[in-house]
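Peer 1: My questions will all concern the structure given below.
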Amino acid sequence: MDSVLTGLEILLRDGVRLPGRGRIGLLCNNAVTDRHFAATPELLNDRRDLTLTRIFSPQHGFAGEKQDNMIESEDGVHPGTGVPMISLYGRVREPEPPMLSGLDAILIDLPDVGTRVYTFLSTALYVMRQAARVGAPVIVLDRPNPIGNRAEGPILDPAFESFVGVIPVPLRHGLTVGEYCRFGRSALALDLDLAVVAMEGYQPASYFDQTGLPWVLPSPNMPSLDTAIVYPGAVMLEGVNLSEGRGTTRPFELFGAPWANPGLVAREVEALSERCGLEGFGLREVAYEPTFHKYRGETVRGFQLHVTDRSRFRPVATYAAIFSAFRRIHSEEFDWRQPPYEYEHDRLPIDLICGTDLVRRNLMEGMSVADMEEAWTVPLAGYEEARRAHTIYP
């Protein structure tokens with residue numbers, strides 16, 4: 001594939017027409033750059049067809065320095081431009097009307113990893129909701145979905161709406177940033193002037209390493225495309241008492257617990273995979289000591305999951321099978337993580353992550369992963385039909 005041009009690069013090439021005096025608020029972090037690693041705020045600040053007035057930052061801080069969830073960032077000043085920065089993962093997660101005062105438009109330039117739980121696009125939807133209330137147009141500079149356009153997993157049940165699930169999409173949603181925002185405008189019934197600066201040369205089924213664009217880690221524990229590929233399933237590790245590899249150099253690919261018996265678990269996963277047709281991955285037994293987070297300083301025994309064929313790998317189903325294996329082998333030790341999680345203090349994190357309590361309940365009842373996947377089939381078919389109206393790329 002020839003190199004993809006992002007929405008940012010299209011805007012820089014073609015310019016943009018904005019209402020009023022062209023004063024913009026920009027939702028971004030320091031991971032959004034052009035192909036030469038020049039950052040979006042500096043690039044926009046140098047233009048004459050707009051005036052960068054305010055910067056909004058999502059979870060992990062503008063510089064991506066904050067670990068895990070519920071570690072907040074303060075407001076500040078962008079060091080490269082001197083523009084005021086407002087944290088939308090601090091005192092507030094949704095901008096208050098005065099924060100949008102004096103803006104003629106809001107630009108959104110954010111990375112995403114293709115998984116509903118990743119909160120950057122939740123923040124984008126919250127910004128869109130407030131923009132609709134104050135009548136400010138929103139322009140999204142589109143970026144790739146690094147794991148392509150496949151959808152997998154349960155769709156968010158509105159009863160489990162939270163910061164990690166705002167609109168009814170599956171865990172692996174298969175949308176680009178711009179498509180997600182278009183879908184979100186419809187799902188939230190927003191009366192919003194929304195435009196997307198589409199990419200050029202983008203093939204929706206492609207993975208990020210096929211775009212010709214440089215990978216810039218979007219947050220501290222998303223260091224590589226390999227991480228993003230496993231993440232739609234591996235993020236469920238945040239909802240159980242297994243280490244998800246935070247505090248190591250391979251988060252979400254490494255997992256386990258000090259009490260785990262990897263040999264027994266591996267054999268159970270292999271048996272479950274054969275019955276459910278799970279392919280495209282291998283488990284390698286490892287031991288590691290996290291430097292922070294779950295089991296900090298303890299020897300964790302578990303696995304590194306290696307994706308051997310990403311076209312066949314089904315991350316959500318695979319990690320559901322892994323959980324099933326741990327429950328069978330370690331019925332006394334394996335447990336669900338307790339709240340709080342992303343500012344939710346009552347509901348179980350696993351239910352918020354999955355967007356439903358059915359995954360947890362099905363696992364506790366011993367339902368096969370094949371039957372769980374079958375239960376996702378009809379809702380996913382409806383989702384595929386619904387998202388068709390919001391896709392941008394043929």
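Letters A, B, ... go to the chains of the structure tokens in the order shown; residues in each chain start at 1; ligands are counted from 1 in the same order.
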Going by DSSP on the backbone, which bits of region 128-377 of chain A are helix (DSSP H, G or I)? Write them as a PyMOL selection string, please.

Peer 2: chain A and resi 128-134+158-160+177-187+208-210+225-239+262-276+315-329+349-354+358-364+369-377

Peer 1: I need the chosen residues saved as a PDB file, in the first residue's frame, with C-alpha atoms.

Peer 2:
ATOM      1  CA  MET A 128     -19.097  16.712  20.618  1.00  0.00           C
ATOM      2  CA  ARG A 129     -22.012  16.624  23.037  1.00  0.00           C
ATOM      3  CA  GLN A 130     -21.040  19.922  24.604  1.00  0.00           C
ATOM      4  CA  ALA A 131     -20.238  21.447  21.207  1.00  0.00           C
ATOM      5  CA  ALA A 132     -23.774  20.604  20.086  1.00  0.00           C
ATOM      6  CA  ARG A 133     -25.175  22.348  23.158  1.00  0.00           C
ATOM      7  CA  VAL A 134     -23.273  25.572  22.486  1.00  0.00           C
ATOM      8  CA  PRO A 158     -27.038   0.925  27.571  1.00  0.00           C
ATOM      9  CA  ALA A 159     -27.443  -0.285  31.164  1.00  0.00           C
ATOM     10  CA  PHE A 160     -23.631  -0.491  31.318  1.00  0.00           C
ATOM     11  CA  VAL A 177     -11.687   7.970  14.366  1.00  0.00           C
ATOM     12  CA  GLY A 178     -13.889   9.952  11.987  1.00  0.00           C
ATOM     13  CA  GLU A 179     -16.300   7.080  11.432  1.00  0.00           C
ATOM     14  CA  TYR A 180     -16.590   6.553  15.186  1.00  0.00           C
ATOM     15  CA  CYS A 181     -17.503  10.198  15.655  1.00  0.00           C
ATOM     16  CA  ARG A 182     -20.071  10.009  12.839  1.00  0.00           C
ATOM     17  CA  PHE A 183     -21.588   6.903  14.408  1.00  0.00           C
ATOM     18  CA  GLY A 184     -21.547   8.621  17.796  1.00  0.00           C
ATOM     19  CA  ARG A 185     -23.358  11.719  16.523  1.00  0.00           C
ATOM     20  CA  SER A 186     -26.171   9.455  15.336  1.00  0.00           C
ATOM     21  CA  ALA A 187     -26.206   7.218  18.435  1.00  0.00           C
ATOM     22  CA  PHE A 208      -1.269   0.135  10.827  1.00  0.00           C
ATOM     23  CA  ASP A 209       2.002  -1.281   9.536  1.00  0.00           C
ATOM     24  CA  GLN A 210       0.459  -1.302   6.051  1.00  0.00           C
ATOM     25  CA  LEU A 225       0.940  -2.337  17.100  1.00  0.00           C
ATOM     26  CA  ASP A 226       1.347  -5.790  18.675  1.00  0.00           C
ATOM     27  CA  THR A 227      -0.230  -4.377  21.826  1.00  0.00           C
ATOM     28  CA  ALA A 228      -3.152  -2.931  19.905  1.00  0.00           C
ATOM     29  CA  ILE A 229      -3.811  -6.236  18.129  1.00  0.00           C
ATOM     30  CA  VAL A 230      -4.312  -8.146  21.391  1.00  0.00           C
ATOM     31  CA  TYR A 231      -5.984  -5.262  23.239  1.00  0.00           C
ATOM     32  CA  PRO A 232      -9.669  -5.880  22.322  1.00  0.00           C
ATOM     33  CA  GLY A 233      -9.460  -9.090  24.370  1.00  0.00           C
ATOM     34  CA  ALA A 234      -6.525  -8.359  26.647  1.00  0.00           C
ATOM     35  CA  VAL A 235      -8.191  -5.241  28.054  1.00  0.00           C
ATOM     36  CA  MET A 236     -10.554  -7.624  29.871  1.00  0.00           C
ATOM     37  CA  LEU A 237      -7.565  -8.504  32.073  1.00  0.00           C
ATOM     38  CA  GLU A 238      -8.203  -5.163  33.773  1.00  0.00           C
ATOM     39  CA  GLY A 239     -11.433  -6.681  35.100  1.00  0.00           C
ATOM     40  CA  PRO A 262       0.933 -22.091  33.572  1.00  0.00           C
ATOM     41  CA  GLY A 263       1.350 -25.692  32.447  1.00  0.00           C
ATOM     42  CA  LEU A 264      -2.130 -26.713  33.517  1.00  0.00           C
ATOM     43  CA  VAL A 265      -3.695 -23.511  32.212  1.00  0.00           C
ATOM     44  CA  ALA A 266      -1.960 -23.888  28.836  1.00  0.00           C
ATOM     45  CA  ARG A 267      -3.320 -27.386  28.352  1.00  0.00           C
ATOM     46  CA  GLU A 268      -6.823 -26.196  29.194  1.00  0.00           C
ATOM     47  CA  VAL A 269      -6.544 -23.262  26.772  1.00  0.00           C
ATOM     48  CA  GLU A 270      -5.359 -25.631  24.054  1.00  0.00           C
ATOM     49  CA  ALA A 271      -8.336 -27.938  24.602  1.00  0.00           C
ATOM     50  CA  LEU A 272     -10.780 -25.015  24.604  1.00  0.00           C
ATOM     51  CA  SER A 273      -9.202 -23.585  21.452  1.00  0.00           C
ATOM     52  CA  GLU A 274      -9.617 -26.849  19.595  1.00  0.00           C
ATOM     53  CA  ARG A 275     -13.286 -27.041  20.545  1.00  0.00           C
ATOM     54  CA  CYS A 276     -13.966 -23.403  19.668  1.00  0.00           C
ATOM     55  CA  PRO A 315      -8.853 -11.480  20.523  1.00  0.00           C
ATOM     56  CA  VAL A 316     -12.128 -11.207  22.449  1.00  0.00           C
ATOM     57  CA  ALA A 317     -12.973 -14.893  22.119  1.00  0.00           C
ATOM     58  CA  THR A 318      -9.373 -15.908  22.829  1.00  0.00           C
ATOM     59  CA  TYR A 319      -9.191 -14.052  26.133  1.00  0.00           C
ATOM     60  CA  ALA A 320     -12.641 -15.331  27.090  1.00  0.00           C
ATOM     61  CA  ALA A 321     -11.207 -18.840  26.631  1.00  0.00           C
ATOM     62  CA  ILE A 322      -8.174 -17.902  28.721  1.00  0.00           C
ATOM     63  CA  PHE A 323     -10.463 -16.726  31.523  1.00  0.00           C
ATOM     64  CA  SER A 324     -12.468 -19.928  31.255  1.00  0.00           C
ATOM     65  CA  ALA A 325      -9.263 -21.948  31.599  1.00  0.00           C
ATOM     66  CA  PHE A 326      -8.108 -19.974  34.649  1.00  0.00           C
ATOM     67  CA  ARG A 327     -11.514 -20.439  36.280  1.00  0.00           C
ATOM     68  CA  ARG A 328     -11.370 -24.199  35.779  1.00  0.00           C
ATOM     69  CA  ILE A 329      -7.770 -24.637  36.931  1.00  0.00           C
ATOM     70  CA  PRO A 349     -15.018  -3.435  36.081  1.00  0.00           C
ATOM     71  CA  ILE A 350     -15.377  -6.569  33.935  1.00  0.00           C
ATOM     72  CA  ASP A 351     -19.003  -5.678  33.183  1.00  0.00           C
ATOM     73  CA  LEU A 352     -18.085  -2.102  32.252  1.00  0.00           C
ATOM     74  CA  ILE A 353     -15.272  -3.324  30.008  1.00  0.00           C
ATOM     75  CA  CYS A 354     -17.455  -5.875  28.240  1.00  0.00           C
ATOM     76  CA  LEU A 358     -23.392 -11.534  30.204  1.00  0.00           C
ATOM     77  CA  VAL A 359     -19.721 -12.362  29.599  1.00  0.00           C
ATOM     78  CA  ARG A 360     -19.049 -12.683  33.330  1.00  0.00           C
ATOM     79  CA  ARG A 361     -22.265 -14.560  33.966  1.00  0.00           C
ATOM     80  CA  ASN A 362     -21.679 -16.911  31.037  1.00  0.00           C
ATOM     81  CA  LEU A 363     -18.167 -17.696  32.221  1.00  0.00           C
ATOM     82  CA  MET A 364     -19.392 -18.370  35.752  1.00  0.00           C
ATOM     83  CA  VAL A 369     -16.816 -19.732  24.233  1.00  0.00           C
ATOM     84  CA  ALA A 370     -18.382 -20.986  20.999  1.00  0.00           C
ATOM     85  CA  ASP A 371     -21.843 -20.437  22.474  1.00  0.00           C
ATOM     86  CA  MET A 372     -20.789 -17.012  23.748  1.00  0.00           C
ATOM     87  CA  GLU A 373     -19.630 -16.036  20.279  1.00  0.00           C
ATOM     88  CA  GLU A 374     -22.876 -17.325  18.814  1.00  0.00           C
ATOM     89  CA  ALA A 375     -24.780 -15.027  21.170  1.00  0.00           C
ATOM     90  CA  TRP A 376     -22.796 -12.066  19.775  1.00  0.00           C
ATOM     91  CA  THR A 377     -23.596 -12.951  16.159  1.00  0.00           C
TER      92      THR A 377
END

Peer 1: What lies within 10 Å of Lys66 (chain A) using only C-alpha atoms, ignoring chain neighbours under 5 positions off, as a ChimeraX atom specification?

Peer 2: /A:59-61,71-73,219-221

Peer 1: My list of candidates is A:Val240, A:Leu213, A:Leu380, A:Leu283. Which is closest to Glu9 (chain A) when distances are computed with only C-alpha atoms?

Peer 2: A:Leu213

Peer 1: Could you work out how far CA of Ile167 (chain A) lies from CA of Ser243 (chain A), giving the answer in Å with one decimal?

Peer 2: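 Atom-to-atom, CA of Ser243 (chain A) and CA of Ile167 (chain A) are spaced 28.0 Å apart.
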
Peer 1: Find the distance between CA of Ala389 (chain A) and CA of His173 (chain A) and write it in Å to one decimal.

Peer 2: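 A separation of 14.6 Å between them.
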
Peer 1: Using only C-alpha atoms, determine which residues lie at most 9 Å from Thr211 (chain A), disregarding the query and same-chain residues fewer than 4 positions distant; provide the list as a list in words.

Peer 2: Met1, Asp2, Ser3, Val4, Leu5, Pro144, Pro146, Gly201, Tyr202, Gln203, Ser206 and Tyr207 of chain A

Peer 1: Keeping only C-alpha atoms, write the selected residues as an mmCIF file, in the first residue's frame.

Peer 2:
data_model
loop_
_atom_site.group_PDB
_atom_site.id
_atom_site.type_symbol
_atom_site.label_atom_id
_atom_site.label_comp_id
_atom_site.auth_asym_id
_atom_site.auth_seq_id
_atom_site.Cartn_x
_atom_site.Cartn_y
_atom_site.Cartn_z
ATOM 1 C CA MET A 1 0.000 0.000 0.000
ATOM 2 C CA ASP A 2 1.160 3.527 -0.756
ATOM 3 C CA SER A 3 1.537 5.772 2.237
ATOM 4 C CA VAL A 4 -1.733 7.011 3.711
ATOM 5 C CA LEU A 5 -2.333 10.732 4.156
ATOM 6 C CA PRO A 144 -6.529 4.946 10.821
ATOM 7 C CA PRO A 146 -4.659 0.400 13.527
ATOM 8 C CA GLY A 201 -5.064 6.150 0.248
ATOM 9 C CA TYR A 202 -6.588 4.362 3.233
ATOM 10 C CA GLN A 203 -7.771 0.763 2.918
ATOM 11 C CA SER A 206 -5.425 -2.705 6.616
ATOM 12 C CA TYR A 207 -3.346 -2.828 9.774
#

Peer 1: Would you mind writing down, as an NGL selection string, each residue of region 113-304 of chain A that DSSP on the backbone assigns to strand (DSSP E or B)?

Peer 2: :A and (115 or 138-141 or 152-155 or 162 or 165 or 170-172 or 194-197 or 200 or 240 or 243 or 251 or 254-257 or 279 or 281-288 or 300-304)

Peer 1: Produce a file of the selected residues containing C-alpha atoms, as a PDB file, in the first residue's frame.

Peer 2:
ATOM      1  CA  THR A 115     -11.241  -0.898  21.053  1.00  0.00           C
ATOM      2  CA  VAL A 138     -16.659  20.097  15.072  1.00  0.00           C
ATOM      3  CA  ILE A 139     -14.080  18.993  12.526  1.00  0.00           C
ATOM      4  CA  VAL A 140     -12.427  15.583  12.932  1.00  0.00           C
ATOM      5  CA  LEU A 141      -9.042  14.982  11.338  1.00  0.00           C
ATOM      6  CA  GLU A 152     -15.846  -8.576  17.401  1.00  0.00           C
ATOM      7  CA  GLY A 153     -17.330  -9.078  20.830  1.00  0.00           C
ATOM      8  CA  PRO A 154     -20.392  -7.977  22.751  1.00  0.00           C
ATOM      9  CA  ILE A 155     -22.064  -4.681  21.955  1.00  0.00           C
ATOM     10  CA  SER A 162     -19.766   4.463  31.359  1.00  0.00           C
ATOM     11  CA  GLY A 165     -18.541   2.644  26.885  1.00  0.00           C
ATOM     12  CA  PRO A 170     -18.675  -3.867  20.139  1.00  0.00           C
ATOM     13  CA  LEU A 171     -15.396  -4.200  22.004  1.00  0.00           C
ATOM     14  CA  ARG A 172     -13.535  -4.302  18.700  1.00  0.00           C
ATOM     15  CA  LEU A 194     -19.801  17.635  12.184  1.00  0.00           C
ATOM     16  CA  ALA A 195     -17.282  17.350   9.360  1.00  0.00           C
ATOM     17  CA  VAL A 196     -14.560  14.761   8.858  1.00  0.00           C
ATOM     18  CA  VAL A 197     -11.384  15.482   6.928  1.00  0.00           C
ATOM     19  CA  GLU A 200      -6.362   9.560   1.286  1.00  0.00           C
ATOM     20  CA  VAL A 240      -9.882  -9.713  36.827  1.00  0.00           C
ATOM     21  CA  SER A 243      -1.715  -9.064  35.979  1.00  0.00           C
ATOM     22  CA  PRO A 251       1.781  -4.765  28.659  1.00  0.00           C
ATOM     23  CA  LEU A 254       2.073 -10.611  29.217  1.00  0.00           C
ATOM     24  CA  PHE A 255      -0.375 -11.860  31.829  1.00  0.00           C
ATOM     25  CA  GLY A 256      -0.511 -14.156  34.841  1.00  0.00           C
ATOM     26  CA  ALA A 257      -0.463 -14.284  38.629  1.00  0.00           C
ATOM     27  CA  GLU A 279      -6.501 -19.842  15.893  1.00  0.00           C
ATOM     28  CA  PHE A 281      -1.941 -17.298  18.480  1.00  0.00           C
ATOM     29  CA  GLY A 282       0.449 -19.159  20.734  1.00  0.00           C
ATOM     30  CA  LEU A 283       1.065 -19.024  24.473  1.00  0.00           C
ATOM     31  CA  ARG A 284       4.636 -19.043  25.743  1.00  0.00           C
ATOM     32  CA  GLU A 285       5.182 -19.662  29.457  1.00  0.00           C
ATOM     33  CA  VAL A 286       7.008 -16.814  31.209  1.00  0.00           C
ATOM     34  CA  ALA A 287       7.752 -15.390  34.635  1.00  0.00           C
ATOM     35  CA  TYR A 288       8.131 -11.677  35.305  1.00  0.00           C
ATOM     36  CA  VAL A 300       4.209 -13.522  38.268  1.00  0.00           C
ATOM     37  CA  ARG A 301       3.868 -16.837  36.468  1.00  0.00           C
ATOM     38  CA  GLY A 302       1.940 -16.840  33.258  1.00  0.00           C
ATOM     39  CA  PHE A 303       2.308 -16.263  29.546  1.00  0.00           C
ATOM     40  CA  GLN A 304       3.210 -14.033  26.697  1.00  0.00           C
TER      41      GLN A 304
END

Peer 1: Can you list, as JSON, numbers by chain, every protein, DNA or RNA residue that comes within 10 Å of Thr176 (chain A) when you count only C-alpha atoms, leaving out same-chain residues fewer than 4 positions away?

Peer 2: {"A": [111, 112, 113, 114, 142, 143, 144, 145, 146, 147, 148, 149, 180, 181, 182, 198, 199, 204, 391, 392, 393]}

Peer 1: Restricting the calculation to only C-alpha atoms: of A:Ala63, A:Pro218, A:Thr51, A:Glu96, which residue gets closest to Leu18 (chain A)?

Peer 2: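 The answer is A:Thr51, which sits nearest to Leu18 (chain A).
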
Peer 1: Compare A:Pro168, A:Asp109, A:Asp75, A:Leu44 by their minimum atom-to-atom distance to Thr356 (chain A), counting only C-alpha atoms, and give me the closest one.

Peer 2: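 Among the listed residues, the smallest separation from Thr356 (chain A) belongs to A:Pro168.
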
Peer 1: Using only C-alpha atoms, can you tell me which of A:Thr249, A:Ser87, A:Asn261, A:Thr308 comes closest to Arg54 (chain A)?

Peer 2: A:Ser87

Peer 1: Counting only C-alpha atoms, figure out which residue out of A:Leu110, A:Leu11, A:Leu43, A:Leu242 gets nearest to Tyr295 (chain A).

Peer 2: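 For Tyr295 (chain A), the nearest of the candidates is A:Leu242.
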
Peer 1: Select, from A:Ala38, A:Val127, A:Met222, A:Leu217, the residue with the minimum atom-to-atom distance to Ser57 (chain A), counting only C-alpha atoms.

Peer 2: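 Going through A:Ala38, A:Val127, A:Met222, A:Leu217 one by one, the smallest distance to Ser57 (chain A) is for A:Val127.
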